[in-house]
Structure formats: C-alpha cells, structure tokens
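Visitor: Take this structure first; my questions come after.
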Amino acid sequence: MPLPALPAPPAADPPPSARALLAVLRRRLAVFLACAALIPTLAALALHKLPHRYTASGTLIYEPAAFKPRELQSILRAGRITRAVMASQAAVLSGLRLIEPMAERLHLFHDPEFNPALRRPGHLARLLAWARARLAPPAPHAAPAAPIGPGLDPARDQVLLAVQAALTVTPVGESRVLKLSFTARDPVLAAAAVNTLMDIYIRGTLGMKYRAVHKARAWLQARAAALRREVRQSADRIAAFRARAGLVRGVHAGLATEQISHLSATLAQARAALAAAQGKAAAAAGGDAASIAPSVTRLRADQTAMEAQLQSLLTRLGPNHPEVIALRGELAATTRAVAAETARVQAATGAEVAAAAQRVRRLDADLARARRGIDRNARAEIGLRAMERDSAVKRQLLVRILERLQELGQQAAVEEPDAHEVSLALPPTAPSFPRTAPLLAASVAFGLLFGLFVVYLLELTDTTLPGGDAVRLFLRRPCVALIPDLRRRQLGRLRVEDYAALKPLSAFAEQLRGLRAALWLGTLRPRAVAITAARPAEGKTTVAVALGRSACLSGERAILLDCDLRHPSLAGLFGTEGQPGLADFLRGDTPWEAVVRKDPLTSLVYVGAGQGGADGFGLFLSGAMAQLLQRLRAEFDLVLLDTPPALAMSDTRVIARLADATVLCARWRHTPREVALAAIEILEESQAAVVGVALTRVDARGHARAGYADSAMVDPRLNRYVTE
C-alpha cells in the first residue's frame with residue numbers, strides 16, 4: 001500500500017511565537033503551578049520555622065568639648081572631625097573592650113542565643129555525635145592540654161564574638177552622628193543592648209577625661225612641689241655665693257668703679273707731671289737751664305754784660321789795666337756762679353723726674369690692683385647672674401604650673417563627654433529577620449521563574465509524542481487515532497477492552513471508529529492489519545481488541561489473531577488459557593475449528609496464541625501462515641494481527657510484511673520518538689506498510705490544554721456528541 005505523502009520537515013525551526021510559548025505553558029501548566037507553588041510553600045515553611053530576630057537602633061552624636069588645657073592637648077585634642085575620625089569611633093564602639101562590659105551587664109554570657117555551650121543540641125547533632133562516638137576509634141588517654149594563654153577563655157571569646165556579630169555601628173553620611181543597631185531574638189534585649197553600649201561609651205569617654213585630668217593634676221602637683229624646692233635651693237645658693245664673694249648688690253660695684261676712675265685721672269696727672277719733669281731735666285741737661293731757672297738767667301745776663309764791658313775796656317784800656325783785671329775777676333766769679341747754679345738746677349730737675357716716675361709707678365700698681373679686683377668681682381657677678389636667671393625661670397615655670405592647676409580645677413568642674421545620645425533605642429515591634437513579606441514576594445517571583453525554567457527544561461528534554469503534530473513532524477506518518485485514557489471513575493467495574501463494546505457512543509469508541517475510518521478510507525482498503533508497538537505496555541492489544549469489537553458493532557466481520565507467541569494476551573482477556581491456538585494450527589496439530597472462538601460481547605472472532613515455542617519465527621515464515629491470511633481475507637472484512645513489540649522480536653517484521661497495513665501504537669507522552677522512529681524503520685526495512693500511528697492513553701483534558709491542532713478531537717466541549 002503506498003504511503004501518504006507528507007511534507008518534509010523544515011530545515012530550521014522557526015522562532016516560537018507568543019502563542020506557541022503560551023501553548024507550551026498551557027500544556028505544562030500543572031508542572032508550572034506545582035513549581036511556582038513549591039518555592040513559596042517551602043519558603044513559608046522555612047520562615048515559619050526560622051526564629052524571629054529583632055533589630056533595635058539608636059543614634060549618638062560625636063562632638064568633643066572645646067575647653068582643653070595646653071598640657072592636656074596631646075591627650076584630649078579635639079581635632080577636625082573627618083570621615084576617618086568617625087570610622088575610628090565606630091570601630092571603638094564595636095570593639096570588644098566596650099562589648100565585654102555590655103555583655104556582663106546584660107548577662108549575655110548566660111544567654112543560649114549568644115553562648116553556644118548553653119544551647120540544646122538538635123536531633124541531627126546528637127545523631128552525628130552518637131555516630132562519631134560509635135565509629136571513631138577510641139582515643140588514647142592524653143594529658144590535659146595546657147591553657148591557650150594566661151586568662152584566655154575560648155567559650156567567653158565565642159560569646160563576645162557572637163555579640164560583636166550582632167552589633168552594627170555605621171556613621172550617618174557626612175555628619176557626626178553614629179547609628180548603632182543590635183539584633184537579638186528578644187526586642188527588649190536588642191534595645192537594652194544599644195542603650196547600654198551607648199551609655200558605656202559616653203561614660204567611658206567622660207571617665208577617660210577625668211582620668212587624664214587627674215593624672216595631669218597629680219603630675220603638675222608633683223612638679224610644682226619639686227619646683228618650689230628648687231626655687232628655695234636656688235635662693236639659698238645665691239645668698240651663699242654672694243656671701244663668699246663679698247658682693248653687695250648695687251654698692252661694691254659702684255665704689256670700685258669710682259676708685260678706678262679716680263686712679264686713672266690721678267695716674268694721667270702723674271704721667272703729665274713726669275713728662276714735664278723729664279722735659280725740664282732734658283732742657284737742663286742740654287744747657288738750657290736758663291729757660292728753666294730765673295737765677296741762671298740773671299747770672300748769665302750779668303755774665304754777658306760783664307763780657308761786653310770787658311771787651312769795651314780792653315778796647316780802651318788794654319788787657320792789663322786794673323779795671324780790666326778786676327773786671328776779669330768778677331767775670332770769672334760770675335761764670336763760676338752760672339756753672340754752680342746750672343748744676344743745682346740740673347740736680348733739682350733730676351730729683352723731680354725721679355719723684356714723678358715713682359708716683360707714676362705707684363699709681364700704676366694701684367690701678368692694676370683695682371682692676372684685678374674689678375675682674376674678680378665681674379666674674380663673680382656673671383655666675384651670680386646665671387644663678388639668678390635660673391632661679392627666675394623656675395619661678396616663672398612654677399607660676400605657670402600653678403595657673404594650669406587652677407585651670408584643671410575649673411575643667412574638672414565643667415567637663416562634658418565627647419558624645420551624647422540623639423535618640424535612644426526602643427524595642428522594635430516588627431522583626432527585622434525574617435522579613436516575611438519581601439521574602440515571600442521574592443520566593444513567589446523565584447517560584448514563577450523556577451516554574452518557567454522547569455517548563456523550559458521539560459519542553460527541551462521532552463522526546464515523547466505529545467500529539468498528532470509531533471507524529472507527523474518527527475515520524476512523518478499520519479496520526480490515525482488519539483485513543484483516550486479511561487480513568488477509574490469512568491471505567492467503574494468495566495475493563496478497558498470492554499468499554500468500547502459496552503459504550504459504543506463514548507469518545508473512546510469514537511476514536512476507534514476514527515482509526516477504522518482511516519484504514520477504510522485509504523486508496524487500497526487493507527483487510528489484514530497488523531497492530532504493533534515499539535515497546536511493551538503501549539496498549540496495542542487493547543487497541544486491537546477494541547478495534548475488532550468496534551468493527552463488529554459497525555456490521556463488519558472481523559477476526560483477531562494473537563501473534564505474540566511468547567507473551568500472549570488474548571487468552572488471558574477472554575479466559576481461555578491453556579487451550580490450543582494459532583501456533584498449534586500452524587504446526588498442523590489442531591484443526592482450524594478447534595482454535596477459533598467467539599467474543600461473548602460481540603460477533604468478533606478471535607484466535608489465541610496457543611502453545612508457543614522456539615519455532616515461532618519459522619511458523620510465521622511458513623506457507624501455512626500466508627495461506628491462512630489469504631483465506632481470512634476472503635472470509636472477513638477485517639483481519640487484525642496482534643503482534644509482539646517491533647523492537648523485541650523479529651516475528652513482527654514477518655507478520656507486518658504479510659499484512660496489508662501496519663498500525664504502530666505509541667503511548668501518549670511516554671514513548672520516545674526515537675524509539676518509535678526506530679520501530680518504523682525496522683518495519684519498513686521488512687517492506688511493511690506502516691500506514692499510521694495511533695497514540696494511546698491520551699489524557700483528554702491535558703491534551704486539550706496543550707494547544708495542539710488535534711486537541712479539539714478530545715476537547716471536553718465535544719462531550720455533547722458522545723455519551724459516556
């Protein structure tokens with residue numbers, strides 16, 4: 001029988017339209033809804049089981065006080081507030097040094113939420129501990145381990161770290177405000193933790209100031225006492241030094257200076273007198289005594305007058321004149337008087353020079369002694385002044401320290417903390433975790449996406465035959481029937497094989513009539529039709545029995561042969577187990593009349609498989625089988641051959657080759673299309689005429705929602721034309 005022409009599959013699948021995507025979602029609607037509901041359900045259960053946690057928040061502002069003594073600026077300096085400063089304060093607030101007193105004040109070391117040692121182990125933990133104790137080898141007895149470190153407690157450290165993990169401190173933008181948040185199962189505890197930590201921090205900063213002030217005051221008081229002692233000791237040393245040096249402030253120095261001035265003036269006068277005396281002595285020694293002594297001048301004037309008179313007399317009287325001689329005697333006496341007076345003047349000037357020189361030497365000695373005294377006093381004054389300056393510096397430092405002590409007293413009275421609460425934490429009314437509404441909304445969205453993903457995967461990995469379009473596209477064969485699946489509610493006490501005969505107006509019977517019409521309306525009306533399948537449990541026997549009964553109800557003469565000699569089905573359906581059948585007839589052991597039986601519900605004639613054996617393949621190849629089929633074609637309008645699965649036995653190839661047409665049964669959404677295609681290829685290699693594929697056990701409602709073109713054949717809205 002020639003095969004119907006089908007269009008070749010497209011070279012490339014066109015992009016799916018929105019209608020096709022909606023159709024995919026519609027036929028996978030149950031899976032999509034199940035996945036979309038599963039995720040929110042699991043999320044709701046998890047949220048219900050999760051313990052609620054509450055987060056309380058409070059804020060404080062960091063603004064250091066401006067009043068600072070200069071000695072404390074290195075300790076309590078209020079620098080410019082920067083982002084780094086605020087981050088440092090946040091780190092201080094979240095440090096273990098502040099967390100530890102807060103945990104002690106709130107008794108968090110005895111709270112199972114933060115102390116893992118106090119928690120009751122769960123069933124899984126107890127089971128793992130029991131299994132570990134049972135399976136692990138006994139450990140050798142070991143000496144007790146040495147402590148990790150002095151004063152270290154791992155259990156206490158775990159509690160502190162858990163409390164630190166529940167605390168969050170963050171600066172608020174570019175401001176000086178710090179936000180503190182604490183998360184706990186108890187909302188009152190969460191608020192108390194924030195308020196307690198802020199109180200500890202504020203009191204700590206104020207206490208640090210007081211400690212610094214107290215420390216600075218103690219240091220300044222000790223320094224002031226030391227400076228007082230040093231000032232007294234300096235005064236004592238200055239007085240002792242002045243006494244040793246004989247220094248009287250403002251008197252001795254003035255007298256010494258006046259004495260040196262007087263000595264210097266007197267020495268200058270003495271030197272002037274010495275110079276004058278030396279000049280006279282030099283003049284006297286040079287014969288110029290007349291200029292020094294008036295007596296020498298008078299004597300020389302007399303001598304000159306006598307010499308002139310003598311010359312005059314000599315001129316007039318002659319050398320021997322008595323007047324001349326007398327005048328010569330007087331002149332000699334005058335010359336001797338001049339010489340004597342000159343000698344006396346020279347002796348007097350020499351004595352005067354010696355006296356002036358002695359006085360100069362004496363004054364020089366006095367001036368040198370005065371100057372040495374002045375130098376010694378000056379050196380003493382230098383040391384004294386250094387001692388006085390040192391004492392003055394110490395007095396000034398003492399005064400300043402006393403001033404700082406007074407400032408410290410004022411600061412201790414008006415000191416304020418560097419931080420203040422802006423808002424205290426209140427017990428929260430709603431849990432911060434889990435946030436049910438956002439998480440449920442997210443789970444719903446994720447469930448929808450997960451459902452779409454699962455639908456996509458199922459559609460991508462679906463290699464079955466979901467409808468007639470898939471049969472025509474992948475198997476290139478017409479879909480001759482969509483045999484609906486009969487639910488238990490529909491069947492009641494009936495069997496599937498009997499349903500078409502007992503309810504001939506049902507949709508099930510209508511599809512069988514559609515299958516018969518597809519065979520009858522062909523170009524060559526086949527009389528011998530092989531009903532086969534690729535695998536077992538595809539519904540081929542049910543289709544064969546129901547088709548034969550439907551044909552009989554339509555007035556046709558039909559016969560059904562059970563050709564599955566290894567796993568016969570008809571004998572079990574009709575209750576004729578152990579009786580001879582087709583195999584016995586083909587061997588020639590039993591006549592034809594002994595193997596032919598009648599259906600109790602219809603006029604269908606059927607022949608069981610009989611006693612099968614290893615010679616089944618040879619029996620179908622024998623001429624007896626071909627002759628039998630030729631005979632049955634003449635006697636019956638429809639000869640149905642219930643064959644074994646095509647991929648299971650080779651008998652099917654022979655039977656399909658002998659039949660006029662072959663119908664392949666494939667289970668809806670169950671049989672892989674590759675398997676069905678392999679069965680068709682095997683049958684075609686045997687020159688069998690595979691005229692179509694019948695999809696069995698089709699879910700009418702599911703197929704109607706699938707959106708395929710042939711889904712209208714099983715649409716529940718067509719129930720008005722059928723009667724169940």
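Chains: A, B, ... in order of the structure tokens. Residues: from 1 per chain. Ligands: from 1, in order shown.
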Report the closest atom pair, with its distance in Å rounded to one decimal, for each residue of stretch 517-566 of chain A that has an atom no farther than 10 Å from stretch 470-481 of chain A; count only C-alpha atoms, sort by chain and then rising residue number, and write it as a tab-separated table.
Guide:
```
residue	atom	partner	partner_atom	distance
A:Ala517	CA	A:Val480	CA	8.8
A:Ala518	CA	A:Val480	CA	6.1
A:Leu519	CA	A:Val480	CA	8.3
```
Visitor: Any chance you could export the current selection's N, CA and C atoms as a PDB file, in the first residue's frame?
Guide:
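Writing done, so here's out.pdb:
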```
ATOM      1  N   ALA A 517     -11.907   4.230  10.206  1.00  0.00           N
ATOM      2  CA  ALA A 517     -12.165   5.055   9.024  1.00  0.00           C
ATOM      3  C   ALA A 517     -10.877   5.398   8.301  1.00  0.00           C
ATOM      4  N   ALA A 518      -9.810   5.669   9.050  1.00  0.00           N
ATOM      5  CA  ALA A 518      -8.525   5.965   8.414  1.00  0.00           C
ATOM      6  C   ALA A 518      -8.033   4.790   7.600  1.00  0.00           C
ATOM      7  N   LEU A 519      -8.306   3.565   8.078  1.00  0.00           N
ATOM      8  CA  LEU A 519      -7.892   2.383   7.317  1.00  0.00           C
ATOM      9  C   LEU A 519      -8.826   2.141   6.123  1.00  0.00           C
TER      10      LEU A 519
END
```
Visitor: Have a look at A:Pro466, A:Pro536, A:Gly610, A:Gly279 and name the one nearest to A:Gly702; count only C-alpha atoms.
Guide: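 The closest residue to A:Gly702 is A:Pro466.
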Visitor: Counting only C-alpha atoms, which residues in stretch 16-56 of chain A sit no more than 8 Å from stretch 412-435 of chain A? For each one, give the nearest pair of atoms and the distance in Å, sorted by chain then residue number, as CSV.
Guide:
```
residue,atom,partner,partner_atom,distance
A:Leu47,CA,A:Pro434,CA,6.5
A:Leu50,CA,A:Pro434,CA,7.4
A:Pro51,CA,A:Pro434,CA,8.0
A:His52,CA,A:Phe433,CA,5.8
A:Arg53,CA,A:Phe433,CA,5.1
A:Tyr54,CA,A:Pro431,CA,4.5
A:Thr55,CA,A:Ser432,CA,5.7
A:Ala56,CA,A:Ala425,CA,5.8
```
Visitor: Identify which of the residues A:Val324, A:Ala688, A:Leu465, A:Ala614 lies closest to A:Arg673, counting only C-alpha atoms when measuring atom-to-atom distances.
Guide: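 Smallest separation from A:Arg673 among the options: A:Leu465.
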